[in-house]
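Next up, model_15.csv (CSV, C-alpha atoms):
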chain,number,residue,atom,x,y,z
A,1066,MET,CA,19.2,7.0,18.6
A,1067,SER,CA,16.7,7.4,15.8
A,1068,ASP,CA,15.1,10.7,14.9
A,1069,LEU,CA,11.9,8.9,14.0
A,1070,ARG,CA,9.4,8.6,16.8
A,1071,PRO,CA,7.3,5.4,16.7
A,1072,ARG,CA,4.4,5.7,14.2
A,1073,PHE,CA,5.0,9.5,14.1
A,1074,TRP,CA,2.8,9.9,11.0
A,1075,GLU,CA,-0.3,8.9,13.0
A,1076,ARG,CA,0.3,11.1,16.0
A,1077,ILE,CA,2.2,14.2,14.9
A,1078,ALA,CA,1.0,17.0,12.7
A,1079,LEU,CA,3.1,17.7,9.6
A,1080,ALA,CA,4.1,21.1,10.9
A,1081,ASP,CA,5.4,19.5,14.1
A,1082,MET,CA,7.5,16.7,12.6
A,1083,ARG,CA,11.3,16.6,13.0
A,1084,PRO,CA,13.2,17.0,9.7
A,1085,ALA,CA,14.1,13.3,9.6
A,1086,GLU,CA,10.4,12.5,10.1
A,1087,TRP,CA,9.4,14.8,7.3
A,1088,GLU,CA,11.9,13.3,4.9
A,1089,ALA,CA,10.9,9.7,5.9
A,1090,LEU,CA,7.3,10.4,4.7
A,1091,CYS,CA,8.6,10.3,1.1
A,1092,ASP,CA,7.8,6.8,-0.2
A,1093,GLY,CA,10.3,7.0,-3.0
A,1094,CYS,CA,7.8,6.5,-5.8
A,1095,GLY,CA,9.3,9.3,-7.9
A,1096,LYS,CA,6.0,10.5,-9.3
A,1097,CYS,CA,6.6,14.0,-8.0
A,1098,CYS,CA,9.6,14.2,-10.3
A,1099,LEU,CA,7.5,13.6,-13.4
A,1100,ASN,CA,6.7,16.7,-15.3
A,1101,LYS,CA,3.1,17.8,-15.1
A,1102,LEU,CA,0.8,19.9,-17.3
A,1103,GLU,CA,-2.0,22.1,-16.0
A,1104,ASP,CA,-5.1,22.8,-18.0
A,1105,PRO,CA,-5.4,26.6,-17.8
A,1106,ASP,CA,-9.2,26.4,-17.9
A,1107,THR,CA,-9.9,23.7,-15.4
A,1108,ALA,CA,-6.7,23.7,-13.3
A,1109,GLU,CA,-6.6,19.9,-13.8
A,1110,ILE,CA,-3.2,18.4,-13.5
A,1111,ALA,CA,-2.0,15.8,-16.1
A,1112,LEU,CA,1.0,13.6,-15.3
A,1113,THR,CA,3.5,12.8,-18.0
A,1114,ARG,CA,6.1,10.2,-18.2
A,1115,VAL,CA,8.7,12.9,-18.9
A,1116,ALA,CA,10.9,13.0,-15.9
A,1117,CYS,CA,13.1,15.8,-14.5
A,1118,ARG,CA,16.6,15.8,-15.8
A,1119,LEU,CA,17.9,14.9,-12.3
A,1120,PHE,CA,15.6,11.9,-11.9
A,1121,ASP,CA,17.2,8.4,-11.7
A,1122,ASP,CA,14.6,6.0,-13.2
A,1123,ALA,CA,16.2,2.9,-11.6
A,1124,THR,CA,16.1,4.2,-8.0
A,1125,CYS,CA,13.2,6.7,-8.4
A,1126,ARG,CA,15.2,9.2,-6.6
A,1127,CYS,CA,16.7,12.6,-7.4
A,1128,GLY,CA,20.3,12.3,-8.5
A,1129,GLN,CA,21.2,15.6,-6.9
A,1130,TYR,CA,18.7,15.8,-4.0
A,1131,ASP,CA,20.7,18.1,-1.7
A,1132,ILE,CA,21.3,20.7,-4.5
A,1133,ARG,CA,18.3,20.1,-6.7
A,1134,LYS,CA,16.9,23.6,-6.4
A,1135,LYS,CA,20.2,25.1,-7.5
A,1136,ILE,CA,20.2,22.9,-10.7
A,1137,VAL,CA,16.5,23.0,-11.3
A,1138,PRO,CA,15.2,26.3,-10.0
A,1139,GLU,CA,11.5,25.3,-10.7
A,1140,CYS,CA,11.8,22.3,-8.5
A,1141,ILE,CA,9.3,22.4,-5.7
A,1142,VAL,CA,10.9,21.8,-2.3
A,1143,LEU,CA,7.9,20.7,-0.3
A,1144,THR,CA,7.8,22.0,3.3
A,1145,PRO,CA,5.2,22.2,6.0
A,1146,GLY,CA,5.1,26.0,5.3
A,1147,ASN,CA,4.3,25.6,1.6
A,1148,ILE,CA,2.3,22.4,1.4
A,1149,ASP,CA,-1.0,24.3,1.1
A,1150,ARG,CA,0.3,26.0,-2.1
A,1151,HIS,CA,1.8,22.9,-3.7
A,1152,VAL,CA,-0.2,19.9,-2.5
A,1153,HIS,CA,-2.3,19.8,-5.7
A,1154,TRP,CA,0.8,19.1,-7.7
A,1155,MET,CA,1.7,16.1,-5.6
A,1156,PRO,CA,0.7,12.6,-6.7
A,1157,GLU,CA,-2.5,11.2,-5.4
A,1158,THR,CA,-0.7,8.5,-3.4
A,1159,CYS,CA,1.9,10.9,-1.9
A,1160,ALA,CA,2.1,10.6,1.9
A,1161,TYR,CA,2.4,14.4,2.3
A,1162,ARG,CA,-0.8,14.9,0.3
A,1163,LEU,CA,-2.6,12.0,2.0
A,1164,LEU,CA,-1.7,13.2,5.6
A,1165,HIS,CA,-2.3,16.8,4.7
A,1166,THR,CA,-5.9,16.0,3.5
A,1167,GLY,CA,-6.7,13.7,6.5
A,1168,TYR,CA,-6.0,10.3,5.0
A,1169,GLN,CA,-3.7,7.5,6.3
A,1170,LEU,CA,-0.6,6.1,4.7
A,1171,PRO,CA,-1.2,3.3,2.2
A,1172,LEU,CA,-0.4,-0.2,3.3
A,1173,TRP,CA,2.5,-0.4,0.8
A,1174,HIS,CA,4.3,2.7,2.3
A,1175,PRO,CA,7.8,1.9,3.4
A,1176,LEU,CA,7.1,3.2,6.9
A,1177,ILE,CA,4.4,0.5,7.2
A,1178,THR,CA,6.2,-2.3,5.4
A,1179,GLY,CA,9.8,-1.6,6.5
A,1180,ASP,CA,10.8,-2.2,2.8
A,1181,PRO,CA,12.0,0.7,0.8
A,1182,ASP,CA,11.1,-1.2,-2.4
A,1183,SER,CA,7.5,-1.7,-1.5
A,1184,PRO,CA,6.2,1.2,-3.7
A,1185,HIS,CA,7.9,-0.5,-6.7
A,1186,LYS,CA,6.5,-3.9,-5.8
A,1187,ALA,CA,3.0,-2.4,-5.4
A,1188,GLY,CA,3.2,-0.9,-8.8
A,1189,VAL,CA,2.8,2.7,-7.6
A,1190,SER,CA,6.1,4.1,-8.6
A,1191,ALA,CA,7.5,5.7,-11.8
A,1192,GLN,CA,10.2,3.1,-12.0
A,1193,GLY,CA,10.7,2.0,-15.6
A,1194,LEU,CA,8.1,4.4,-17.0
A,1195,THR,CA,10.1,7.5,-17.7
A,1196,LEU,CA,11.7,9.5,-20.4
A,1197,PRO,CA,14.3,12.1,-19.6
A,1198,GLU,CA,13.1,15.6,-20.2
A,1199,PHE,CA,16.2,16.4,-22.3
A,1200,GLU,CA,15.0,13.8,-24.8
A,1201,VAL,CA,11.5,15.2,-25.3
A,1202,ASP,CA,10.7,18.6,-26.6
A,1203,GLU,CA,8.4,20.5,-24.2
A,1204,ASP,CA,5.9,21.0,-27.0
A,1205,GLU,CA,5.6,17.1,-27.2
A,1206,TRP,CA,4.9,16.5,-23.4
A,1207,GLU,CA,1.2,16.2,-24.1
A,1208,ASP,CA,2.0,13.1,-26.2
A,1209,HIS,CA,3.3,11.5,-23.0
A,1210,ILE,CA,0.4,12.0,-20.6
A,1211,ILE,CA,-0.2,9.0,-18.4
A,1212,ASP,CA,-2.5,7.9,-15.7
A,1213,GLU,CA,-0.9,7.9,-12.3
A,1214,PRO,CA,0.4,4.5,-11.4
A,1215,MET,CA,-1.9,3.5,-8.5
A,1216,GLY,CA,-0.9,0.0,-7.9
A,1217,LEU,CA,-3.0,-2.9,-6.8

So that I can check it, write out the structure of this file as structure tokens.
Amino acid sequence: MSDLRPRFWERIALADMRPAEWEALCDGCGKCCLNKLEDPDTAEIALTRVACRLFDDATCRCGQYDIRKKIVPECIVLTPGNIDRHVHWMPETCAYRLLHTGYQLPLWHPLITGDPDSPHKAGVSAQGLTLPEFEVDEDEWEDHIIDEPMGL
């Protein structure tokens, strides 16, 4: 029996989702794993193509998801309890951010399409865009600022 209730994202508040439902909201775009820069004056967030050292560019997934926080202490593990503090760091197309702010899932989301590759096909993922952070000095991240891939 599946832990996912039918169309749960339309009927259940983030805080009331089962763990499997919470995890299923991730569309697998990988943009949350791209390093970001925050302007100290405006608090504006800039996305870079410099990816976390655990990021797998081919799959757009964390290579050590279950233990990521142990390896990368600054990794944000998003939960219903901390989403208010961290939602501004999440990509604009992120399901957690969208649902938290009252929007619906985009039509390309895997929960809608049934296809885990739909974010890549829609052009909204980080697939093929990234540089590993160990190859780019942190002082040079500004040189790798990109616009968020928003797709079609």

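Atom CA of Thr1195 of chain A sits 27.2 Å away from atom CA of His1165 of chain A.
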
Margin query: Here is a test: counting all atoms listed in the file, which residue of A:Arg1133, A:Tyr1161, A:Glu1109, A:Asn1147 is nearest to Ala1089 of chain A?
Written below: A:Tyr1161

Note to self: What's the separation between atom CA of Ala1085 of chain A and atom CA of Cys1127 of chain A, in Å to one decimal place?
What the structure shows: 17.2 Å

I want to know what sits within 7 Å of segment 1115-1118 of chain A, based on only C-alpha atoms, with residues of the same chain fewer than 5 positions away left out; could you give that as a PDB file with C-alpha atoms, keeping the file's coordinate frame?
ATOM      1  CA  CYS A1098       9.600  14.200 -10.300  1.00  0.00           C
ATOM      2  CA  LEU A1099       7.500  13.600 -13.400  1.00  0.00           C
ATOM      3  CA  ASN A1100       6.700  16.700 -15.300  1.00  0.00           C
ATOM      4  CA  THR A1195      10.100   7.500 -17.700  1.00  0.00           C
ATOM      5  CA  LEU A1196      11.700   9.500 -20.400  1.00  0.00           C
ATOM      6  CA  PRO A1197      14.300  12.100 -19.600  1.00  0.00           C
ATOM      7  CA  GLU A1198      13.100  15.600 -20.200  1.00  0.00           C
ATOM      8  CA  PHE A1199      16.200  16.400 -22.300  1.00  0.00           C
ATOM      9  CA  TRP A1206       4.900  16.500 -23.400  1.00  0.00           C
ATOM     10  CA  HIS A1209       3.300  11.500 -23.000  1.00  0.00           C
TER      11      HIS A1209
END

Check: Which one is closest to Cys1094 of chain A: A:Val1152, A:Ala1078, A:Leu1119, A:Cys1125? Count all atoms listed in the file.
Finding: A:Cys1125

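The space between atom CA of Ile1148 of chain A and atom CA of Leu1170 of chain A spans 16.9 Å.
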
Next item on the list: Kindly extract all protein, DNA and RNA residues lying within 12 Å of the coordinates (10.6, 1.4, 7.2) given in the file, considering only C-alpha atoms, and supply them as a VMD selection string.
Entry: chain A and resid 1069 1071 to 1072 1086 1089 to 1093 1172 to 1184

Check: Which of these, A:Arg1162, A:Asp1104, A:Trp1087, A:Glu1200, has the shortest distance to Arg1150 of chain A once you count all atoms listed in the file?
Finding: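 Of A:Arg1162, A:Asp1104, A:Trp1087, A:Glu1200, the one nearest Arg1150 of chain A is A:Arg1162, counting all atoms listed in the file.
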
Check: So which one's closest to Pro1156 of chain A, A:Glu1075, A:Asp1212, A:Asp1204, A:Asp1121? Using all atoms listed in the file, please.
Finding: A:Asp1212

Check: Restricting the calculation to all atoms listed in the file, which member of A:Arg1083, A:Arg1070, A:Arg1114, A:Lys1134 is positioned closest to Pro1214 of chain A?
Finding: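 Result for the nearest residue to Pro1214 of chain A: A:Arg1114.
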
Next item on the list: Name the residues in contact with Thr1144 of chain A at a cut-off of 10 Å, using all atoms listed in the file, excluding same-chain residues fewer than 6 positions from it; report them as a list in words.
Entry: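 Here the answer would be Leu1079, Ala1080, Pro1084, Trp1087, Glu1088, His1151 and Tyr1161 of chain A.
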